[in-house]
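Asks: Take a look at work06.cif, mmCIF, C-alpha atoms:
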```cif
data_start
loop_
_atom_site.label_atom_id
_atom_site.label_comp_id
_atom_site.auth_asym_id
_atom_site.auth_seq_id
_atom_site.Cartn_x
_atom_site.Cartn_y
_atom_site.Cartn_z
CA MET A 230 2.60 44.62 -15.10
CA THR A 231 0.79 42.70 -12.35
CA HIS A 232 2.92 40.72 -9.89
CA THR A 233 1.55 37.85 -7.83
CA THR A 234 2.91 36.74 -4.47
CA LEU A 235 3.23 33.02 -3.83
CA VAL A 236 2.12 30.97 -0.84
CA PRO A 237 4.93 29.50 1.30
CA GLN A 238 4.58 25.74 1.68
CA ALA A 239 6.71 22.76 2.65
CA ALA A 240 10.00 22.09 0.87
CA SER A 241 9.77 19.84 -2.17
CA ALA A 242 11.59 16.61 -2.92
CA GLN A 243 13.13 15.16 -6.05
CA GLY A 244 10.73 13.38 -8.39
CA PRO A 245 10.56 12.03 -11.95
CA SER A 246 11.09 14.19 -15.02
CA SER A 247 8.26 15.29 -17.30
CA ARG A 248 8.67 16.89 -20.71
CA ALA A 249 6.43 18.42 -23.37
CA SER A 250 6.13 21.78 -25.12
CA SER A 251 4.57 24.63 -23.11
CA ALA A 252 5.40 28.30 -23.69
CA GLN A 253 3.23 29.99 -21.07
CA ALA A 254 4.38 30.19 -17.46
CA PRO A 255 1.77 28.96 -14.96
CA SER A 256 0.09 31.49 -12.69
CA PRO A 257 1.22 31.15 -9.06
CA GLN A 258 -1.20 31.34 -6.17
CA ALA A 259 -1.78 34.43 -4.05
CA ALA A 260 -0.12 34.69 -0.65
CA SER A 261 -1.42 35.64 2.73
CA PRO A 262 0.12 38.74 4.38
CA GLN A 263 3.51 38.27 6.02
CA SER A 264 4.53 39.70 9.39
CA ALA A 265 6.72 42.78 9.08
CA ASP A 266 9.05 41.30 11.72
CA ALA A 267 9.45 37.91 10.03
CA PRO A 268 12.35 37.18 7.66
CA PRO A 269 11.28 37.44 4.02
CA SER A 270 10.10 34.28 2.32
CA LEU A 271 11.48 33.05 -0.98
CA LEU A 272 7.90 33.45 -2.18
CA SER A 273 7.43 37.04 -1.04
CA PRO A 274 7.82 40.05 -3.38
CA TYR A 275 10.98 42.13 -3.53
CA THR A 276 11.13 45.81 -4.40
CA SER A 277 14.12 48.10 -4.81
CA ALA A 278 14.93 51.15 -6.89
CA ALA A 279 15.80 48.81 -9.78
CA LEU A 280 13.78 45.62 -9.25
CA ASN A 281 10.14 44.78 -8.64
CA THR A 282 9.75 41.01 -8.46
CA PRO A 283 6.82 38.79 -7.39
CA ASN A 284 9.16 36.42 -5.52
CA ARG A 285 12.82 36.12 -4.56
CA ILE A 286 13.60 33.10 -6.74
CA VAL A 287 16.02 33.99 -9.54
CA MET A 288 16.78 31.77 -12.53
CA ALA A 289 20.57 31.62 -12.74
CA PRO A 290 22.44 31.84 -16.05
CA MET A 291 23.18 28.44 -17.61
CA THR A 292 25.02 27.73 -20.86
CA ARG A 293 22.89 25.49 -23.11
CA PHE A 294 24.29 25.88 -26.69
CA ARG A 295 20.89 26.55 -28.29
CA ALA A 296 22.07 29.11 -30.85
CA ASP A 297 22.51 28.48 -34.57
CA GLU A 298 25.85 28.51 -36.38
CA ASP A 299 25.69 32.33 -36.54
CA SER A 300 25.13 32.54 -32.78
CA VAL A 301 21.48 33.61 -33.17
CA PRO A 302 19.19 32.07 -30.53
CA LEU A 303 17.03 29.36 -32.07
CA PRO A 304 13.24 29.92 -32.16
CA PHE A 305 12.46 27.60 -29.24
CA VAL A 306 14.77 29.63 -26.95
CA ALA A 307 11.84 32.04 -26.61
CA ASP A 308 9.66 29.15 -25.41
CA TYR A 309 12.29 28.03 -22.89
CA TYR A 310 12.61 31.39 -21.19
CA ALA A 311 8.89 32.25 -21.38
CA GLN A 312 8.07 28.95 -19.66
CA ARG A 313 10.20 30.11 -16.71
CA ALA A 314 8.76 33.64 -16.53
CA SER A 315 7.29 33.03 -13.05
CA ALA A 316 10.83 33.42 -11.67
CA GLY A 317 11.29 36.67 -9.83
CA LEU A 318 14.03 37.41 -12.35
CA ILE A 319 15.56 35.47 -15.23
CA VAL A 320 19.24 35.91 -16.03
CA THR A 321 20.09 34.45 -19.43
CA GLU A 322 22.98 32.23 -20.35
CA GLY A 323 26.22 34.08 -21.06
CA ILE A 324 25.99 36.11 -24.29
CA TRP A 325 29.08 37.43 -26.02
CA PRO A 326 29.04 41.17 -26.82
CA SER A 327 31.58 41.05 -29.68
CA PHE A 328 33.27 38.47 -31.89
CA ARG A 329 36.45 39.02 -29.83
CA ALA A 330 34.57 37.79 -26.76
CA GLN A 331 33.17 34.53 -28.18
CA SER A 332 33.89 31.42 -26.13
CA GLY A 333 32.68 28.77 -28.57
CA ARG A 334 30.37 27.78 -31.38
CA ARG A 335 26.62 27.94 -30.81
CA VAL A 336 27.03 30.23 -27.82
CA PRO A 337 24.69 33.18 -28.51
CA GLY A 338 25.87 36.71 -29.27
CA LEU A 339 24.54 40.25 -29.13
CA ALA A 340 26.72 41.84 -31.77
CA THR A 341 24.81 41.49 -35.06
CA GLU A 342 21.36 42.68 -36.11
CA ALA A 343 20.24 39.06 -36.54
CA GLN A 344 21.33 38.26 -32.98
CA ILE A 345 19.56 41.33 -31.58
CA THR A 346 16.39 40.37 -33.47
CA GLY A 347 16.63 36.80 -32.15
CA TRP A 348 16.87 38.04 -28.58
CA ARG A 349 13.98 40.45 -29.15
CA ARG A 350 11.78 37.40 -29.80
CA VAL A 351 12.91 36.01 -26.45
CA THR A 352 12.32 39.17 -24.43
CA ASP A 353 8.93 39.73 -26.06
CA ALA A 354 7.90 36.20 -25.07
CA VAL A 355 9.13 36.59 -21.48
CA HIS A 356 7.37 39.93 -21.05
CA ALA A 357 4.16 38.59 -22.58
CA ALA A 358 4.26 35.85 -19.92
CA GLY A 359 4.68 38.46 -17.18
CA GLY A 360 8.41 37.98 -16.57
CA ARG A 361 11.54 40.05 -16.13
CA VAL A 362 14.84 39.19 -17.85
CA PHE A 363 18.43 40.44 -17.73
CA ALA A 364 21.05 39.48 -20.34
CA GLN A 365 24.32 38.15 -18.97
CA LEU A 366 27.19 39.69 -20.95
CA MET A 367 30.15 37.30 -21.04
CA HIS A 368 33.64 37.83 -22.47
CA ALA A 369 35.62 34.60 -22.75
CA GLY A 370 39.09 36.15 -22.53
CA ARG A 371 41.64 33.30 -22.63
CA ILE A 372 38.92 30.64 -23.05
CA GLY A 373 38.19 29.25 -26.50
CA HIS A 374 39.98 28.37 -29.71
CA PRO A 375 40.30 30.02 -33.15
CA LEU A 376 38.50 27.03 -34.71
CA ALA A 377 35.49 27.67 -32.45
CA ARG A 378 35.17 31.40 -33.19
CA LEU A 379 33.18 32.84 -36.05
CA ASP A 380 35.98 35.29 -36.91
CA GLY A 381 38.78 32.77 -36.30
CA GLY A 382 40.32 35.14 -33.78
CA HIS A 383 42.97 34.14 -31.26
CA PRO A 384 41.90 34.31 -27.60
CA ALA A 385 43.44 37.08 -25.52
CA GLY A 386 43.66 37.53 -21.78
CA PRO A 387 45.49 39.49 -19.10
CA SER A 388 48.55 37.21 -19.35
CA ALA A 389 49.91 34.39 -21.50
CA VAL A 390 48.42 31.66 -19.32
CA PRO A 391 46.33 29.06 -21.17
CA VAL A 392 43.34 27.21 -19.76
CA PRO A 393 44.33 23.73 -18.59
CA GLN A 394 41.52 21.92 -20.41
CA ALA A 395 41.20 20.87 -24.05
CA GLN A 396 38.84 23.14 -26.01
CA HIS A 397 35.79 22.00 -27.95
CA THR A 398 35.76 22.96 -31.64
CA PRO A 399 33.83 21.84 -34.75
CA ALA A 400 36.92 19.76 -35.58
CA GLY A 401 36.83 18.01 -32.21
CA LYS A 402 38.74 18.67 -29.01
CA GLN A 403 41.91 20.71 -29.45
CA ALA A 404 44.81 21.50 -27.16
CA PRO A 405 44.37 24.92 -25.53
CA VAL A 406 46.14 27.83 -27.15
CA VAL A 407 48.32 30.30 -25.27
CA PRO A 408 46.31 33.51 -25.14
CA ARG A 409 47.67 36.71 -26.57
CA VAL A 410 48.47 39.24 -23.82
CA MET A 411 45.99 42.10 -23.96
CA THR A 412 47.52 45.51 -24.63
CA HIS A 413 46.05 48.70 -23.21
CA ASP A 414 44.33 49.21 -26.56
CA ASP A 415 42.83 45.71 -26.27
CA ILE A 416 41.59 46.53 -22.78
CA ARG A 417 39.95 49.74 -23.97
CA THR A 418 38.35 47.80 -26.82
CA ALA A 419 36.98 45.16 -24.44
CA ILE A 420 35.47 47.87 -22.24
CA ARG A 421 33.84 49.43 -25.29
CA ASP A 422 32.57 46.00 -26.38
CA PHE A 423 30.79 45.54 -23.05
CA ALA A 424 29.19 48.98 -23.33
CA ASP A 425 28.09 48.33 -26.92
CA GLY A 426 26.74 44.91 -25.95
CA ALA A 427 24.74 46.50 -23.15
CA ARG A 428 23.21 49.01 -25.56
CA ASN A 429 22.33 46.14 -27.90
CA ALA A 430 20.72 44.28 -25.00
CA ILE A 431 18.43 47.22 -24.31
CA ARG A 432 17.61 47.41 -28.03
CA ALA A 433 16.72 43.72 -27.84
CA GLY A 434 14.23 44.42 -25.07
CA PHE A 435 16.13 43.21 -22.01
CA ASP A 436 15.29 44.84 -18.69
CA GLY A 437 18.98 45.12 -17.88
CA VAL A 438 22.34 43.35 -18.11
CA GLU A 439 24.42 41.29 -15.73
CA ILE A 440 28.16 41.61 -16.37
CA HIS A 441 29.80 38.21 -16.00
CA GLY A 442 32.75 38.70 -13.68
CA ALA A 443 32.75 35.13 -12.39
CA ASN A 444 33.55 31.49 -13.19
CA SER A 445 36.87 32.01 -15.03
CA TYR A 446 35.76 34.51 -17.69
CA LEU A 447 37.65 37.69 -18.58
CA LEU A 448 36.88 39.89 -15.57
CA HIS A 449 37.65 36.98 -13.25
CA GLN A 450 40.92 36.41 -15.13
CA PHE A 451 42.02 39.95 -14.21
CA LEU A 452 41.08 39.37 -10.55
CA ALA A 453 42.74 35.97 -10.05
CA ASP A 454 46.32 35.32 -8.96
CA ASN A 455 47.40 32.81 -11.59
CA THR A 456 45.82 34.37 -14.69
CA ASN A 457 46.92 37.96 -14.08
CA LEU A 458 50.72 38.14 -13.98
CA ARG A 459 50.85 41.75 -15.16
CA HIS A 460 53.02 44.46 -13.63
CA ASP A 461 51.29 47.45 -15.19
CA ALA A 462 48.22 49.44 -14.09
CA TYR A 463 45.99 46.37 -14.63
CA GLY A 464 47.91 43.92 -12.45
CA GLY A 465 50.09 43.55 -9.41
CA ASP A 466 48.43 44.89 -6.29
CA VAL A 467 44.75 44.93 -5.41
CA THR A 468 44.20 48.32 -7.02
CA GLY A 469 45.57 47.05 -10.33
CA ARG A 470 43.65 43.77 -10.29
CA ILE A 471 40.28 45.41 -9.77
CA ARG A 472 40.86 48.24 -12.27
CA PHE A 473 39.58 46.47 -15.40
CA PRO A 474 36.43 44.97 -13.81
CA ALA A 475 35.60 48.35 -12.26
CA GLU A 476 36.11 50.15 -15.55
CA VAL A 477 33.84 47.69 -17.37
CA VAL A 478 31.05 48.11 -14.84
CA ARG A 479 31.29 51.90 -14.92
CA ALA A 480 31.27 51.95 -18.73
CA VAL A 481 28.15 49.80 -18.88
CA ALA A 482 26.42 51.87 -16.20
CA ASP A 483 27.28 55.01 -18.17
CA ALA A 484 25.90 53.41 -21.35
CA ILE A 485 22.52 52.16 -20.10
CA GLY A 486 22.13 53.45 -16.55
CA ALA A 487 23.26 51.99 -13.24
CA ARG A 488 19.80 50.69 -12.37
CA ARG A 489 19.90 48.47 -15.45
CA THR A 490 23.44 47.24 -14.70
CA ALA A 491 24.41 44.33 -12.46
CA VAL A 492 27.52 42.23 -11.92
CA ARG A 493 28.20 38.61 -11.03
CA LEU A 494 31.28 37.56 -9.03
CA SER A 495 32.54 34.21 -7.73
CA PRO A 496 35.46 34.82 -5.33
CA GLY A 497 37.81 31.88 -5.05
CA ASN A 498 36.04 29.78 -7.67
CA PRO A 499 38.58 27.20 -8.94
CA GLN A 500 36.73 26.37 -12.16
CA PHE A 501 38.88 26.02 -15.29
CA GLY A 502 42.12 26.28 -13.38
CA MET A 503 41.57 29.57 -11.54
CA ALA A 504 43.50 30.26 -8.32
CA GLU A 505 42.91 32.99 -5.72
CA ALA A 506 44.91 32.46 -2.54
CA ASP A 507 43.25 35.29 -0.60
CA PRO A 508 40.13 36.61 -2.33
CA ALA A 509 38.92 38.77 0.57
CA PRO A 510 40.99 41.97 0.09
CA VAL A 511 40.49 41.94 -3.68
CA TYR A 512 36.72 41.58 -3.62
CA ARG A 513 36.21 43.87 -0.64
CA ALA A 514 38.04 46.63 -2.50
CA LEU A 515 36.11 45.96 -5.72
CA LEU A 516 32.73 46.13 -3.97
CA ASP A 517 33.70 49.21 -2.00
CA GLY A 518 34.43 50.88 -5.34
CA LEU A 519 31.24 49.70 -7.05
CA ALA A 520 28.77 50.19 -4.19
CA PRO A 521 28.34 53.97 -4.69
CA LEU A 522 27.24 53.46 -8.33
CA GLY A 523 23.75 52.27 -7.34
CA LEU A 524 23.74 49.13 -9.48
CA ALA A 525 20.65 46.95 -9.91
CA TYR A 526 22.22 44.12 -7.92
CA LEU A 527 25.28 42.06 -7.09
CA HIS A 528 25.00 38.35 -7.98
CA LEU A 529 27.46 36.67 -5.64
CA THR A 530 28.44 33.02 -5.88
CA GLU A 531 29.87 31.27 -2.84
CA SER A 532 31.79 28.59 -4.66
CA THR A 533 34.33 27.25 -2.17
CA PRO A 534 34.22 26.38 1.55
CA ALA A 535 37.67 27.94 1.85
CA TYR A 536 36.16 31.43 1.60
CA ARG A 537 32.72 32.32 2.93
CA ALA A 538 32.13 35.10 0.45
CA LEU A 539 28.55 35.92 1.44
CA ALA A 540 29.32 36.50 5.11
CA ASP A 541 32.50 38.42 4.35
CA LEU A 542 31.23 40.62 1.52
CA ARG A 543 27.64 41.38 2.55
CA PRO A 544 28.82 44.27 4.79
CA HIS A 545 30.56 45.77 1.74
CA TRP A 546 27.40 45.73 -0.40
CA PRO A 547 24.51 47.92 0.78
CA GLY A 548 22.42 47.25 -2.32
CA THR A 549 20.47 44.25 -3.59
CA LEU A 550 22.36 40.97 -3.31
CA ILE A 551 21.40 37.78 -5.15
CA ALA A 552 23.13 34.74 -3.63
CA ASN A 553 24.11 31.52 -5.37
CA VAL A 554 25.44 28.58 -3.37
CA GLY A 555 25.05 25.65 -5.77
CA GLU A 556 27.74 26.39 -8.35
CA ASN A 557 30.23 23.64 -7.44
CA GLY A 558 28.09 21.44 -5.20
CA THR A 559 24.67 19.92 -4.84
CA PRO A 560 21.70 21.80 -6.28
CA THR A 561 20.29 24.43 -3.95
CA THR A 562 17.14 23.33 -2.13
CA ARG A 563 14.23 25.49 -1.10
CA ALA A 564 15.35 25.17 2.53
CA ALA A 565 18.90 26.26 1.70
CA GLY A 566 17.59 29.26 -0.19
CA GLN A 567 15.30 30.26 2.66
CA ALA A 568 18.19 29.95 5.11
CA LEU A 569 20.13 32.52 3.09
CA LEU A 570 17.26 34.99 3.38
CA ASP A 571 16.85 34.23 7.08
CA SER A 572 20.55 34.99 7.67
CA GLY A 573 20.34 38.39 6.02
CA ARG A 574 23.18 37.50 3.66
CA ALA A 575 20.92 37.72 0.60
CA ASP A 576 17.82 39.49 -0.67
CA LEU A 577 17.12 36.95 -3.44
CA VAL A 578 18.49 33.49 -4.25
CA SER A 579 19.40 32.12 -7.67
CA TYR A 580 18.64 28.57 -8.75
CA GLY A 581 20.16 26.88 -11.78
CA ARG A 582 19.65 23.14 -12.14
CA ALA A 583 16.30 23.21 -10.33
CA PHE A 584 14.87 25.31 -13.19
CA LEU A 585 15.96 22.92 -15.95
CA ALA A 586 13.11 20.42 -15.64
CA ASN A 587 10.87 22.61 -13.47
CA PRO A 588 9.84 25.65 -15.49
CA ASP A 589 7.28 26.52 -12.78
CA LEU A 590 9.77 26.26 -9.90
CA PRO A 591 8.14 29.01 -7.76
CA HIS A 592 4.79 27.21 -8.02
CA ARG A 593 6.38 23.90 -7.03
CA PHE A 594 7.99 25.53 -4.01
CA ALA A 595 4.66 27.16 -3.13
CA THR A 596 2.65 23.93 -3.32
CA GLY A 597 5.25 21.38 -2.20
CA THR A 598 5.09 19.65 -5.58
CA PRO A 599 8.06 17.29 -6.05
CA LEU A 600 10.78 18.53 -8.37
CA ALA A 601 11.30 16.74 -11.68
CA ALA A 602 14.77 15.57 -12.67
CA HIS A 603 16.44 16.77 -15.86
CA ASP A 604 18.20 14.51 -18.36
CA PRO A 605 21.96 15.29 -18.15
CA ALA A 606 22.57 13.77 -21.59
CA LEU A 607 20.51 16.57 -23.16
CA LEU A 608 22.10 19.54 -21.38
CA TYR A 609 24.39 20.61 -24.22
CA THR A 610 22.66 19.32 -27.31
CA HIS A 611 21.17 21.76 -29.82
CA GLY A 612 17.47 20.87 -30.03
CA ALA A 613 14.25 21.45 -28.12
CA GLU A 614 14.39 18.00 -26.48
CA GLY A 615 15.59 18.29 -22.90
CA TYR A 616 15.29 22.07 -23.15
CA SER A 617 11.88 23.57 -23.88
CA ASP A 618 9.83 20.34 -23.59
CA TYR A 619 9.73 19.99 -19.79
CA LEU A 620 6.17 20.37 -18.49
CA PRO A 621 5.05 22.48 -15.57
CA SER A 622 3.52 20.51 -12.72
CA ARG A 623 -0.03 19.27 -13.31
CA ALA A 624 -1.35 21.58 -10.58
CA GLY A 625 0.30 24.59 -12.21
CA ARG A 626 -1.12 24.09 -15.71
#
```
Before anything else, please render the file you have as C-alpha cells.

Replies:
Amino acid sequence: MTHTTLVPQAASAQGPSSRASSAQAPSPQAASPQSADAPPSLLSPYTSAALNTPNRIVMAPMTRFRADEDSVPLPFVADYYAQRASAGLIVTEGIWPSFRAQSGRRVPGLATEAQITGWRRVTDAVHAAGGRVFAQLMHAGRIGHPLARLDGGHPAGPSAVPVPQAQHTPAGKQAPVVPRVMTHDDIRTAIRDFADGARNAIRAGFDGVEIHGANSYLLHQFLADNTNLRHDAYGGDVTGRIRFPAEVVRAVADAIGARRTAVRLSPGNPQFGMAEADPAPVYRALLDGLAPLGLAYLHLTESTPAYRALADLRPHWPGTLIANVGENGTPTTRAAGQALLDSGRADLVSYGRAFLANPDLPHRFATGTPLAAHDPALLYTHGAEGYSDYLPSRAGR
C-alpha cells in the first residue's frame, strides 16, 4: 500500500457545509522533507511496530445509528468510511461484540454472520481507497434498556447503579432500569465476548480493534467510583478496579495479537453520570500493567480540566499514544492538534466532529481550505443524508 505525506499549510477556518455522494477519498499532496530536529507535523507520516500511517490525523469513533434493525451496517456505511480513508487511521463507531453488550437499536454489531459480512463491505471499501481501519469494540454494561435490545436482555454492570438519563427505545424514552450485578461468571463471559468480537473483526477485514474503555461504557464502569461499589476481586482498591479492564485487554491481545489490539480511556469523564474523584492512581496503575503488552496504541481522551490526563499519563505509556481533547468541549482545531504533537504528549491526534462534513480533512488542513459545517439535525438519523453525502473540497476532488 502506498502512503502519501501531506504538505503543512495554514490552519483552516469554519465555512459552509457541502453535501453530495462521493465514495473515493481524495489524494493528498506530497510533502517536502521535514527536519529531523523539528516536532512532527500532523501531516507527516507515523511508523511504529503496529502502525504505518501517511499522516497523524485519526478519525475518532462516533455513534451514528446507521445500522438496520438487525444491527447490520447499511450499504452506504461503506461509502462514509471510504470517503474518509485519507485519515491516518479510522476508528469506527462503537460496535457491540455480543447481544449482551448492545446499547441500543440500530447500533451495529459484530456477532452474527450478516453483521460480519456487512463490515467486510466497509473494510474492503476503506482498503480499496488506501485507508486503514480499526473496529471499536463497545460493551454497554449498565447502559440501555430491554426494549432496545434485540434479545430483550436486561443490562448488567459492576453494581446496581442505573444511568441517570432516560433511555431511548422503539417505544419512546423509558426510565432507566437498575442493572443486574455481574457475577464472576458474567465477567468471564464478557471477557470472552470481547475476544470473540475481536476475532470476528479480523474476519471482517479490520486492521485491528480498539477496546472501548471510555465514556461511561462497561470497562469505564469498573474503573469509576460511583458505578463500581463491589467489595470482591473486581472492586474496592485500585488493583480490583483495574482487574476487569486489564483482563479484557489481555484476552483480546491473546486472541488476535497485541499489535492489532488498542484501548481507549477517558479518565475523569463525567458523561452519563460517571464520577472519579481521583483518576490518577487508577489509570497510572492500569497503564503500568498494560504497557508491557506491546499494544498497537493507547487512545487517551482528556475530558475534564480537573485532571490533565495527557501530561500525567504520558510517562506511563512508552508506546504509541493517540490524543483526543475535544470530547466535552469545542471541536479540536488543527492548531490544537499540532500543539499536542509539539508538546510530546501525543504521537497522533484524533478528530471527531471535524470529519463529519469534511471527508478529506487531511487535505483541507494541508491546503488551508475552510472546514464545512455539519448539520446537527442529521447526526442520529438513519439515512445517507447528512452522513455519506458531504463532498470533499473542490480542490481535493

Asks: Applying 12 Å and all atoms listed in the file, which residues near A:Asp571 remain after dropping the ones on its own chain fewer than 6 positions away? List them as a count of residues only.

Replies: 10

Asks: Hey, what's within 12 Å of A:Gln365 if we count only C-alpha atoms and toss same-chain stuff fewer than 3 positions away? As a VMD selection string, please?

Replies: chain A and resid 288 to 292 319 to 326 337 to 339 362 368 423 426 to 427 430 435 to 443 489 to 493 528

Asks: Taking (41.9, 49.1, -19.6) in the file's coordinates, which residues come within 12 Å, counting only C-alpha atoms, written as a CSV table (one decimal) with C-alpha atoms, keeping the file's coordinate frame?

Replies:
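Printed below is out_23.csv as written:
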```csv
chain,number,residue,atom,x,y,z
A,386,GLY,CA,43.7,37.5,-21.8
A,387,PRO,CA,45.5,39.5,-19.1
A,411,MET,CA,46.0,42.1,-24.0
A,412,THR,CA,47.5,45.5,-24.6
A,413,HIS,CA,46.0,48.7,-23.2
A,414,ASP,CA,44.3,49.2,-26.6
A,415,ASP,CA,42.8,45.7,-26.3
A,416,ILE,CA,41.6,46.5,-22.8
A,417,ARG,CA,40.0,49.7,-24.0
A,418,THR,CA,38.4,47.8,-26.8
A,419,ALA,CA,37.0,45.2,-24.4
A,420,ILE,CA,35.5,47.9,-22.2
A,421,ARG,CA,33.8,49.4,-25.3
A,422,ASP,CA,32.6,46.0,-26.4
A,448,LEU,CA,36.9,39.9,-15.6
A,451,PHE,CA,42.0,40.0,-14.2
A,461,ASP,CA,51.3,47.4,-15.2
A,462,ALA,CA,48.2,49.4,-14.1
A,463,TYR,CA,46.0,46.4,-14.6
A,464,GLY,CA,47.9,43.9,-12.4
A,469,GLY,CA,45.6,47.0,-10.3
A,470,ARG,CA,43.6,43.8,-10.3
A,471,ILE,CA,40.3,45.4,-9.8
A,472,ARG,CA,40.9,48.2,-12.3
A,473,PHE,CA,39.6,46.5,-15.4
A,474,PRO,CA,36.4,45.0,-13.8
A,475,ALA,CA,35.6,48.4,-12.3
A,476,GLU,CA,36.1,50.2,-15.6
A,477,VAL,CA,33.8,47.7,-17.4
A,478,VAL,CA,31.0,48.1,-14.8
A,479,ARG,CA,31.3,51.9,-14.9
A,480,ALA,CA,31.3,52.0,-18.7
```

Asks: Residues around (9.0, 38.7, -29.7), cut-off 12 Å, counting all atoms listed in the file - what are they as a PDB file with C-alpha atoms, in the frame of the given file?

Replies:
```
ATOM      1  CA  PRO A 304      13.240  29.920 -32.160  1.00  0.00           C
ATOM      2  CA  PHE A 305      12.460  27.600 -29.240  1.00  0.00           C
ATOM      3  CA  VAL A 306      14.770  29.630 -26.950  1.00  0.00           C
ATOM      4  CA  ALA A 307      11.840  32.040 -26.610  1.00  0.00           C
ATOM      5  CA  ASP A 308       9.660  29.150 -25.410  1.00  0.00           C
ATOM      6  CA  TYR A 310      12.610  31.390 -21.190  1.00  0.00           C
ATOM      7  CA  ALA A 311       8.890  32.250 -21.380  1.00  0.00           C
ATOM      8  CA  ILE A 345      19.560  41.330 -31.580  1.00  0.00           C
ATOM      9  CA  THR A 346      16.390  40.370 -33.470  1.00  0.00           C
ATOM     10  CA  GLY A 347      16.630  36.800 -32.150  1.00  0.00           C
ATOM     11  CA  TRP A 348      16.870  38.040 -28.580  1.00  0.00           C
ATOM     12  CA  ARG A 349      13.980  40.450 -29.150  1.00  0.00           C
ATOM     13  CA  ARG A 350      11.780  37.400 -29.800  1.00  0.00           C
ATOM     14  CA  VAL A 351      12.910  36.010 -26.450  1.00  0.00           C
ATOM     15  CA  THR A 352      12.320  39.170 -24.430  1.00  0.00           C
ATOM     16  CA  ASP A 353       8.930  39.730 -26.060  1.00  0.00           C
ATOM     17  CA  ALA A 354       7.900  36.200 -25.070  1.00  0.00           C
ATOM     18  CA  VAL A 355       9.130  36.590 -21.480  1.00  0.00           C
ATOM     19  CA  HIS A 356       7.370  39.930 -21.050  1.00  0.00           C
ATOM     20  CA  ALA A 357       4.160  38.590 -22.580  1.00  0.00           C
ATOM     21  CA  ALA A 358       4.260  35.850 -19.920  1.00  0.00           C
ATOM     22  CA  ALA A 433      16.720  43.720 -27.840  1.00  0.00           C
ATOM     23  CA  GLY A 434      14.230  44.420 -25.070  1.00  0.00           C
ATOM     24  CA  PHE A 435      16.130  43.210 -22.010  1.00  0.00           C
TER      25      PHE A 435
END
```

Asks: I'd like the residues picked by the PyMOL selection byres ((chain A and resi 373) around 6) written out as a count of residues only, using the chain letters and numbers from the file.

Replies: 4

Asks: So, with all atoms listed in the file as the atoms that count, which of A:Ser388, A:Ser273, A:Ser572, A:Asn557 lies closest to A:Arg543?

Replies: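 Distance minimum relative to A:Arg543 lands on A:Ser572.
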
Asks: Run the PyMOL selection byres ((chain A and resi 395-401) around 9) on the file and write out the hits as a VMD selection string.

Replies: chain A and resid 333 to 334 372 to 378 392 to 394 402 to 406

Asks: Nearest to A:Pro499: which of A:Asn444, A:Gln567, A:Thr610, A:Asn553 is it, counting only C-alpha atoms?

Replies: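 Comparing A:Asn444, A:Gln567, A:Thr610, A:Asn553 against A:Pro499, the winner is A:Asn444.
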
Asks: Given the file above and the PyMOL selection byres ((chain A and resi 505) around 9), which residues are selected, and can you give them as a ChimeraX atom specification?

Replies: /A:452-455,496-499,503-504,506-508

Asks: Please measure the separation of atom CA of A:Gly360 and atom CA of A:Glu614, giving the value in Å to one decimal.

Replies: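 Calculated distance between atom CA of A:Gly360 and atom CA of A:Glu614 is 23.1 Å.
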
Asks: Which residue gives the smallest distance to A:Pro408 among A:Arg371, A:Arg537, A:Arg428, A:Arg293, with all atoms listed in the file counted?

Replies: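 With all atoms listed in the file as the atom set, the closest residue is A:Arg371.
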
Asks: Would you work out the distance separating atom CA of A:Gly317 from atom CA of A:Ser579, expressed in Å to one decimal?

Replies: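 Atom-to-atom, atom CA of A:Gly317 to atom CA of A:Ser579, that is 9.5 Å.
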
Asks: I'd like the interatomic distance between atom CA of A:Ser300 and atom CA of A:Ala314, to a tenth of an Å.

Replies: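 Computing it gives 23.1 Å between the two atoms.
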
Asks: Restricting the calculation to all atoms listed in the file: of A:Arg361, A:Arg409, A:Arg329, A:His460, which residue gets closest to A:Ala385?

Replies: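 Looking at the shortest contact to A:Ala385, the residue is A:Arg409.
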
Asks: Counting all atoms listed in the file, figure out which residue out of A:Ala389, A:Ala343, A:Leu494, A:Ala330 gets nearest to A:Met367.

Replies: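 Closest to A:Met367 of all the choices is A:Ala330.
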
Asks: Here is a test: counting only C-alpha atoms, which residue of A:Ala424, A:Ala538, A:Ala601, A:Leu607 is nearest to A:Ile485?

Replies: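 The shortest atom-to-atom distance to A:Ile485 comes from A:Ala424.
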
Asks: Box for stretch 430-443 of chain A: with edges along x, y and z, all listed atoms inside and 5 Å added on each side, what are the centre and edge lengths in Å to one decimal, as AutoDock Vina command-line options?

Replies:
```
--center_x 23.5 --center_y 41.3 --center_z -20.2 --size_x 28.5 --size_y 22.3 --size_z 25.6
```
